[in-house]
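What follows is start-v9.txt (compact mmCIF, C-alpha atoms).
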# COMPACT_ATOMS: atom_id res chain seq x y z
CA MET A 1 67.89 9.39 45.94
CA SER A 2 64.41 10.76 46.72
CA GLU A 3 62.25 8.74 49.07
CA PRO A 4 59.50 7.66 46.57
CA VAL A 5 62.13 5.93 44.41
CA LYS A 6 62.81 2.32 45.40
CA LEU A 7 65.87 0.70 43.80
CA TYR A 8 65.78 -3.12 43.89
CA ARG A 9 69.16 -3.64 42.24
CA GLN A 10 71.75 -1.71 40.31
CA PRO A 11 71.61 -2.76 36.62
CA GLU A 12 74.73 -3.03 34.50
CA LEU A 13 74.24 -0.37 31.84
CA ASP A 14 76.41 1.45 29.34
CA HIS A 15 75.00 4.88 28.45
CA PRO A 16 71.60 3.43 27.41
CA ALA A 17 68.56 4.83 25.63
CA LEU A 18 65.44 5.20 27.78
CA ILE A 19 62.00 4.30 26.38
CA VAL A 20 59.09 5.81 28.31
CA SER A 21 55.74 4.03 28.01
CA TRP A 22 52.45 5.31 29.46
CA THR A 23 49.44 3.07 29.87
CA SER A 24 46.03 4.05 28.52
CA ASP A 25 47.08 5.74 25.27
CA THR A 26 45.25 5.10 21.98
CA ALA A 27 45.05 1.34 21.24
CA GLY A 28 47.42 0.76 24.17
CA LEU A 29 50.26 1.34 21.71
CA SER A 30 53.05 2.39 24.06
CA GLU A 31 52.26 -0.36 26.58
CA ARG A 32 52.16 -2.98 23.82
CA VAL A 33 55.52 -1.85 22.43
CA SER A 34 57.27 -1.74 25.79
CA GLY A 35 55.70 -5.03 26.91
CA TYR A 36 56.85 -6.71 23.71
CA LEU A 37 60.40 -5.42 24.16
CA ASN A 38 60.50 -6.43 27.82
CA ARG A 39 59.47 -9.97 26.90
CA ARG A 40 61.78 -10.36 23.94
CA LEU A 41 64.77 -8.82 25.74
CA ASN A 42 64.11 -10.72 29.00
CA HIS A 43 63.87 -7.55 31.06
CA ASP A 44 63.18 -7.49 34.79
CA ALA A 45 62.14 -4.57 36.98
CA PHE A 46 64.99 -2.96 38.89
CA CYS A 47 63.38 0.20 40.27
CA GLU A 48 59.96 1.72 40.98
CA ILE A 49 58.39 5.03 41.91
CA GLU A 50 55.87 4.55 44.70
CA PRO A 51 52.46 5.99 43.77
CA ASP A 52 51.35 7.66 47.01
CA GLU A 53 52.13 11.27 46.00
CA PHE A 54 51.02 11.04 42.39
CA PHE A 55 47.78 9.04 42.22
CA PRO A 56 44.42 9.08 44.04
CA LEU A 57 44.56 5.98 46.23
CA GLU A 58 41.18 6.28 47.93
CA GLY A 59 39.83 4.01 45.18
CA VAL A 60 41.08 2.01 42.23
CA ALA A 61 39.99 1.86 38.60
CA ILE A 62 38.44 -1.30 37.16
CA GLU A 63 38.98 -2.12 33.48
CA ASN A 64 37.63 -5.28 31.83
CA ASP A 65 36.71 -6.58 35.30
CA ILE A 66 40.35 -6.28 36.45
CA VAL A 67 41.46 -3.93 39.21
CA GLN A 68 44.04 -1.43 37.91
CA PHE A 69 46.60 -0.27 40.46
CA PRO A 70 49.11 2.49 39.61
CA ASP A 71 52.38 0.94 38.52
CA CYS A 72 55.59 2.87 37.75
CA ARG A 73 58.62 0.64 37.11
CA PHE A 74 61.97 0.64 35.32
CA PHE A 75 63.11 -2.47 33.42
CA ALA A 76 66.47 -3.64 32.13
CA GLY A 77 68.10 -6.92 31.10
CA SER A 78 71.28 -8.35 29.68
CA ARG A 79 71.66 -5.62 27.07
CA LYS A 80 73.44 -2.61 28.51
CA ASP A 81 72.13 -0.02 26.05
CA ILE A 82 68.37 0.05 26.73
CA VAL A 83 66.13 0.84 29.71
CA ILE A 84 62.32 0.88 29.68
CA PHE A 85 60.07 2.84 32.03
CA GLU A 86 56.43 1.69 32.14
CA SER A 87 53.99 3.77 34.12
CA THR A 88 50.42 4.72 34.72
CA PRO A 89 50.18 8.45 33.85
CA PRO A 90 50.45 10.42 37.12
CA ARG A 91 47.40 12.40 38.20
CA PHE A 92 49.21 14.88 40.45
CA GLU A 93 52.60 16.56 40.69
CA TRP A 94 53.64 16.04 37.08
CA TYR A 95 56.82 18.07 37.40
CA ARG A 96 58.01 16.25 40.51
CA PHE A 97 57.12 12.86 39.05
CA LEU A 98 58.94 13.46 35.75
CA ASN A 99 61.98 14.78 37.57
CA LEU A 100 62.07 11.58 39.62
CA VAL A 101 62.01 9.59 36.37
CA LEU A 102 64.90 11.67 35.05
CA ASP A 103 66.77 11.37 38.35
CA VAL A 104 66.80 7.60 37.91
CA ALA A 105 67.71 8.00 34.24
CA ARG A 106 70.71 10.17 35.16
CA ASP A 107 71.91 8.80 38.48
CA GLN A 108 71.26 5.06 38.08
CA CYS A 109 71.38 4.59 34.31
CA ASN A 110 73.49 7.37 32.75
CA VAL A 111 70.92 7.61 29.94
CA ARG A 112 72.07 9.17 26.66
CA GLU A 113 68.68 9.83 25.01
CA LEU A 114 64.97 9.40 25.69
CA TYR A 115 62.03 8.20 23.61
CA ALA A 116 58.36 8.44 24.53
CA ILE A 117 55.61 6.67 22.58
CA GLY A 118 52.07 7.81 21.89
CA GLY A 119 49.12 6.66 19.80
CA MET A 120 46.70 9.16 18.30
CA ALA A 121 43.31 8.50 16.69
CA SER A 122 43.24 8.91 12.92
CA LEU A 123 40.51 9.04 10.27
CA ALA A 124 42.63 6.95 7.88
CA ALA A 125 41.71 3.39 6.87
CA HIS A 126 43.50 0.42 8.41
CA THR A 127 45.01 -0.33 4.97
CA THR A 128 46.97 2.94 5.09
CA PRO A 129 50.69 2.47 5.90
CA ARG A 130 51.49 3.63 9.42
CA GLU A 131 53.84 6.56 9.89
CA ILE A 132 55.64 8.01 12.87
CA LEU A 133 55.33 11.71 13.64
CA GLY A 134 58.28 12.98 15.61
CA ASN A 135 58.46 15.74 18.22
CA PHE A 136 61.96 16.66 19.41
CA ASN A 137 63.37 18.76 22.23
CA SER A 138 66.52 19.74 20.34
CA ALA A 139 67.66 20.35 16.78
CA GLU A 140 70.51 17.90 17.36
CA MET A 141 68.10 15.08 18.23
CA LYS A 142 66.00 15.87 15.16
CA ASP A 143 69.07 15.80 12.92
CA SER A 144 70.28 12.49 14.40
CA LEU A 145 66.99 10.82 13.38
CA ALA A 146 66.87 12.23 9.87
CA GLY A 147 67.55 8.85 8.27
CA TYR A 148 64.73 6.95 9.99
CA ASN A 149 61.78 8.04 7.84
CA LEU A 150 60.03 10.05 10.53
CA ASN A 151 57.47 12.68 9.63
CA THR A 152 58.84 15.84 11.26
CA ALA A 153 56.11 18.15 9.97
CA LEU A 154 54.00 17.86 13.12
CA ASP A 155 53.59 21.46 14.28
CA TYR A 156 51.59 21.12 17.47
CA GLU A 157 50.85 23.78 20.05
CA THR A 158 48.82 23.27 23.20
CA PRO A 159 45.43 24.96 22.71
CA PRO A 160 44.98 28.09 24.87
CA GLY A 161 43.74 27.26 28.34
CA GLN A 162 44.57 23.56 28.05
CA ARG A 163 47.26 21.64 29.87
CA PRO A 164 50.18 20.32 27.77
CA THR A 165 50.23 16.60 27.13
CA LEU A 166 52.30 14.51 29.53
CA ASN A 167 54.74 13.67 26.72
CA SER A 168 55.16 17.35 25.84
CA PHE A 169 55.87 18.10 29.48
CA LEU A 170 58.36 15.22 29.56
CA LEU A 171 60.27 16.59 26.55
CA TRP A 172 60.42 20.03 28.14
CA THR A 173 61.63 18.60 31.46
CA ALA A 174 64.31 16.56 29.66
CA GLN A 175 65.39 19.65 27.72
CA ARG A 176 65.99 21.51 30.98
CA ARG A 177 68.42 18.71 31.89
CA ASN A 178 70.12 18.72 28.46
CA LEU A 179 68.83 15.21 27.73
CA PRO A 180 67.96 14.70 24.03
CA ALA A 181 64.39 13.42 23.76
CA THR A 182 61.78 12.52 21.16
CA THR A 183 58.09 11.63 21.22
CA LEU A 184 57.06 9.11 18.58
CA TRP A 185 53.39 9.63 17.68
CA VAL A 186 51.63 7.05 15.48
CA PRO A 187 48.21 7.79 13.95
CA ILE A 188 45.93 4.78 14.49
CA PRO A 189 42.60 4.23 12.67
CA PHE A 190 39.82 5.21 15.04
CA TYR A 191 38.19 1.79 14.68
CA MET A 192 41.35 -0.07 15.74
CA THR A 193 41.39 1.04 19.37
CA GLY A 194 41.42 -2.57 20.59
CA GLY A 195 44.95 -2.94 19.25
CA ASP A 196 46.85 -2.12 16.08
CA PRO A 197 49.72 -4.53 15.32
CA ARG A 198 50.68 -2.47 12.25
CA ALA A 199 51.35 0.55 14.46
CA GLN A 200 53.18 -1.64 16.95
CA LEU A 201 55.37 -3.03 14.16
CA ARG A 202 56.15 0.46 12.88
CA VAL A 203 57.48 1.62 16.25
CA LEU A 204 59.34 -1.62 16.92
CA ASP A 205 61.00 -1.44 13.52
CA PHE A 206 62.23 2.04 14.38
CA PHE A 207 63.75 0.86 17.66
CA ASN A 208 65.13 -2.25 15.97
CA ARG A 209 67.13 -0.07 13.58
CA ARG A 210 67.96 2.80 15.91
CA LEU A 211 69.09 0.63 18.83
CA ASN A 212 70.44 -2.33 16.83
CA LEU A 213 68.18 -4.80 18.61
CA CYS A 214 68.47 -7.51 15.91
CA LEU A 215 64.90 -8.73 16.50
CA GLU A 216 62.62 -10.56 14.08
CA PHE A 217 58.89 -9.85 14.18
CA ASP A 218 57.36 -12.92 12.55
CA ASP A 219 54.75 -13.16 15.31
CA LEU A 220 53.53 -9.61 14.71
CA ASP A 221 53.57 -10.09 10.94
CA GLU A 222 51.24 -13.04 11.46
CA GLU A 223 49.04 -10.99 13.78
CA VAL A 224 48.71 -8.33 11.07
CA ARG A 225 47.74 -10.99 8.52
CA GLN A 226 45.15 -12.50 10.82
CA GLN A 227 43.66 -9.11 11.65
CA ASP A 228 43.47 -8.19 7.95
CA LYS A 229 41.73 -11.51 7.28
CA VAL A 230 39.11 -10.87 9.97
CA ILE A 231 38.38 -7.38 8.65
CA ALA A 232 38.23 -8.63 5.04
CA GLU A 233 35.68 -11.26 6.08
CA ALA A 234 33.64 -8.62 7.90
CA ARG A 235 33.65 -6.47 4.75
CA GLN A 236 32.43 -9.41 2.69
CA ARG A 237 29.56 -10.01 5.12
CA SER A 238 28.51 -6.36 5.23
CA PRO A 239 28.38 -4.16 2.10
CA GLU A 240 27.69 -1.21 4.40
CA LEU A 241 30.92 -1.82 6.31
CA ASP A 242 32.85 -2.28 3.08
CA GLU A 243 31.50 1.00 1.73
CA SER A 244 32.57 2.88 4.87
CA ILE A 245 36.13 1.58 4.64
CA LYS A 246 36.26 2.38 0.91
CA LYS A 247 35.27 5.96 1.74
CA LEU A 248 38.13 6.22 4.23
CA GLU A 249 40.54 4.73 1.71
CA SER A 250 39.57 7.43 -0.78
CA GLY A 251 39.90 10.22 1.78
CA GLU A 252 36.18 10.83 2.29
CA ASN A 253 34.66 11.64 5.67
CA LEU A 254 32.11 9.42 7.37
CA SER A 255 29.02 10.56 9.18
CA THR A 256 28.86 10.13 12.93
CA GLU A 257 26.52 7.18 12.48
CA GLU A 258 28.80 5.53 9.91
CA SER A 259 31.85 6.02 12.13
CA GLU A 260 30.15 4.58 15.19
CA HIS A 261 28.81 1.59 13.25
CA LEU A 262 32.20 0.87 11.70
CA ALA A 263 34.03 1.04 15.03
CA GLU A 264 31.43 -1.14 16.75
CA GLU A 265 31.36 -3.84 14.07
CA ILE A 266 35.13 -4.06 13.61
CA GLU A 267 35.72 -4.25 17.35
CA LYS A 268 33.07 -6.96 17.63
CA SER A 269 34.71 -9.00 14.85
CA LEU A 270 38.20 -8.64 16.31
CA ARG A 271 36.96 -9.47 19.80
CA VAL A 272 35.60 -12.79 18.53
CA LYS A 273 38.97 -13.47 16.83
CA ARG A 274 40.88 -12.71 20.06
CA LYS A 275 38.79 -15.27 21.93

Representation of the structure as structure tokens:
Amino acid sequence: MSEPVKLYRQPELDHPALIVSWTSDTAGLSERVSGYLNRRLNHDAFCEIEPDEFFPLEGVAIENDIVQFPDCRFFAGSRKDIVIFESTPPRFEWYRFLNLVLDVARDQCNVRELYAIGGMASLAAHTTPREILGNFNSAEMKDSLAGYNLNTALDYETPPGQRPTLNSFLLWTAQRRNLPATTLWVPIPFYMTGGDPRAQLRVLDFFNRRLNLCLEFDDLDEEVRQQDKVIAEARQRSPELDESIKKLESGENLSTEESEHLAEEIEKSLRVKRK
């Protein structure tokens, strides 16, 4: 085992699926999904990758007045068929870092398949049903997920001169090791960046069916209802806000000013609700 990997304990696993969750994606979707699963499945950390080689440690980021240290940990619990890796996206040495992740997946967990999660900003209204766009590293993995209502029409190529996304790099690295892998992308309304329980529910429902988790999501259903109520009240107070959302619902584009105003007002309303 490579030196940056620190194994606290050896979990009891039976050819599990690995879910990879990066912090700081759109609306914090992947972190919210993995955090929810870790809580509901009573997961504990069993391994970590130390950050020294992969993150700038001469200073730390501060978000919402809280110091953010790099954190890269594997979680497992009583179920033997699921492992979760939560991590700050590495800044350096992507290839080495991802290979360390896959070393743990192979050597300590005997992982059978891998799923990464990503949120992406969308111009759709919050009333639009959420969908999952799937990227796959093998035709076999794509075929195995044919019955899960994934949109497989996402034909994405890295723009010339730009670096591939971390999830794209992860799928490629997994492919080189013959590990079936998928990235689950969920479009999230651009004015829901503070959190989108509908998107969270969509991904959790997929894992619930795919991995036979047998979970109920009454708490998230209630969160969706409360969020819809807050936005409906904001629309009633502001005809301008209501008109902007109606435009999105009908497929019209907003001006920059309309978009900025909508995002600011909805976030303000939801922030008051969260308090």

Using only C-alpha atoms: which of A:Tyr95, A:Ser138, A:Gly194, A:Leu114 has the shortest distance to A:Pro164: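 Of A:Tyr95, A:Ser138, A:Gly194, A:Leu114, the one nearest A:Pro164 is A:Tyr95, counting only C-alpha atoms.
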
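All residues of protein, DNA or RNA that reach within 9 Å of A:Leu102, judged by only C-alpha atoms and not counting those fewer than 4 positions away in the chain, are A:Phe97, A:Leu98, A:Arg106, A:Asp107, A:Val111, A:Thr173, A:Ala174, A:Arg177.
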
With distances taken over all atoms listed in the file, the candidate from A:Glu265, A:Lys6, A:Thr256, A:Asp205 nearest A:Val230 is A:Glu265

For A:Leu7, the closest of A:Leu220, A:Leu145, A:Ile49, A:Ile188 counting all atoms listed in the file is A:Ile49

How close does each residue of stretch 102-157 of chain A get to stretch 30-44 of chain A, giving the shortest atom pair and distance in Å to one decimal for every residue with an atom at most 10 Å away, counting all atoms listed in the file, sorted by chain and residue number, as a tab-separated table?
residue	atom	partner	partner_atom	distance
A:Ala116	CA	A:Ser30	CA	8.1
A:Ile117	CA	A:Ser30	CA	5.2
A:Gly118	CA	A:Ser30	CA	5.9
A:Gly119	CA	A:Ser30	CA	7.2

Can I get the selection written as a PDB file, in the coordinates of the input, with C-alpha atoms?
ATOM      1  CA  ALA A 116      58.360   8.440  24.530  1.00  0.00           C
ATOM      2  CA  ILE A 117      55.610   6.670  22.580  1.00  0.00           C
ATOM      3  CA  GLY A 118      52.070   7.810  21.890  1.00  0.00           C
ATOM      4  CA  GLY A 119      49.120   6.660  19.800  1.00  0.00           C
TER       5      GLY A 119
END

Determine the nearest neighbour of A:Val186 from the options A:Thr128, A:Asn99, A:Gln200, A:Ser259, counting all atoms listed in the file. A:Gln200

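The closest residue to A:Leu166, picked from A:Arg130, A:Arg209, A:Arg91, A:Arg198 and counting all atoms listed in the file, is A:Arg91.
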
Distance atom CA of A:Phe75-atom CA of A:Cys47, one decimal place? 7.4 Å

Using only C-alpha atoms, the residue out of A:Ile132, A:His126, A:Val5, A:Glu140 with shortest distance to A:Trp185 is A:Ile132

Residues near stretch 247-249 of chain A, cut-off 12 Å, only C-alpha atoms, skip fewer than 4 positions along chain, as an mmCIF file with C-alpha atoms, keeping the file's coordinate frame:
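Saved result, around_10.cif, follows:
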data_model
loop_
_atom_site.group_PDB
_atom_site.id
_atom_site.type_symbol
_atom_site.label_atom_id
_atom_site.label_comp_id
_atom_site.auth_asym_id
_atom_site.auth_seq_id
_atom_site.Cartn_x
_atom_site.Cartn_y
_atom_site.Cartn_z
ATOM 1 C CA SER A 122 43.240 8.910 12.920
ATOM 2 C CA LEU A 123 40.510 9.040 10.270
ATOM 3 C CA ALA A 124 42.630 6.950 7.880
ATOM 4 C CA ALA A 125 41.710 3.390 6.870
ATOM 5 C CA HIS A 126 43.500 0.420 8.410
ATOM 6 C CA THR A 127 45.010 -0.330 4.970
ATOM 7 C CA THR A 128 46.970 2.940 5.090
ATOM 8 C CA PRO A 129 50.690 2.470 5.900
ATOM 9 C CA PRO A 189 42.600 4.230 12.670
ATOM 10 C CA PHE A 190 39.820 5.210 15.040
ATOM 11 C CA TYR A 191 38.190 1.790 14.680
ATOM 12 C CA GLU A 240 27.690 -1.210 4.400
ATOM 13 C CA LEU A 241 30.920 -1.820 6.310
ATOM 14 C CA ASP A 242 32.850 -2.280 3.080
ATOM 15 C CA GLU A 243 31.500 1.000 1.730
ATOM 16 C CA ASN A 253 34.660 11.640 5.670
ATOM 17 C CA LEU A 254 32.110 9.420 7.370
ATOM 18 C CA SER A 255 29.020 10.560 9.180
ATOM 19 C CA GLU A 258 28.800 5.530 9.910
ATOM 20 C CA SER A 259 31.850 6.020 12.130
ATOM 21 C CA LEU A 262 32.200 0.870 11.700
#

Could you please give me, as a list in words, the residues of protein, DNA or RNA lying at most 10 Å from (70.2, -2.9, 38.4) in the coordinate frame of the file, considering all atoms listed in the file?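 Residues lying no farther than 10 Å from the given point: Leu7, Tyr8, Arg9, Gln10, Pro11, Glu12, Leu13, Asp44, Ala45, Phe46, Cys47, Phe74, Phe75, Ala76, Gly77, Gln108 and Cys109 of chain A.
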
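The gap separating atom CA of A:Asp219 from atom CA of A:Ala27 is 18.4 Å, in Å to one decimal.
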
Suppose you want the space between atom CA of A:Arg210 and atom CA of A:Ser144; what is it in Å?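 So the answer is 10.1 Å.
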
Please give the centre and size of the box around stretch 114-121 of chain A (axis-aligned, containing every atom listed in the file, 5 Å added per side), with values in Å to one decimal and written as AutoDock Vina command-line options.
--center_x 54.1 --center_y 8.0 --center_z 21.2 --size_x 31.7 --size_y 12.7 --size_z 19.0

Just the residues within 10 Å of A:Pro4, please, counting all atoms listed in the file, with nothing from its chain fewer than 6 positions along; format it as a ChimeraX atom specification. /A:48-53,97,100
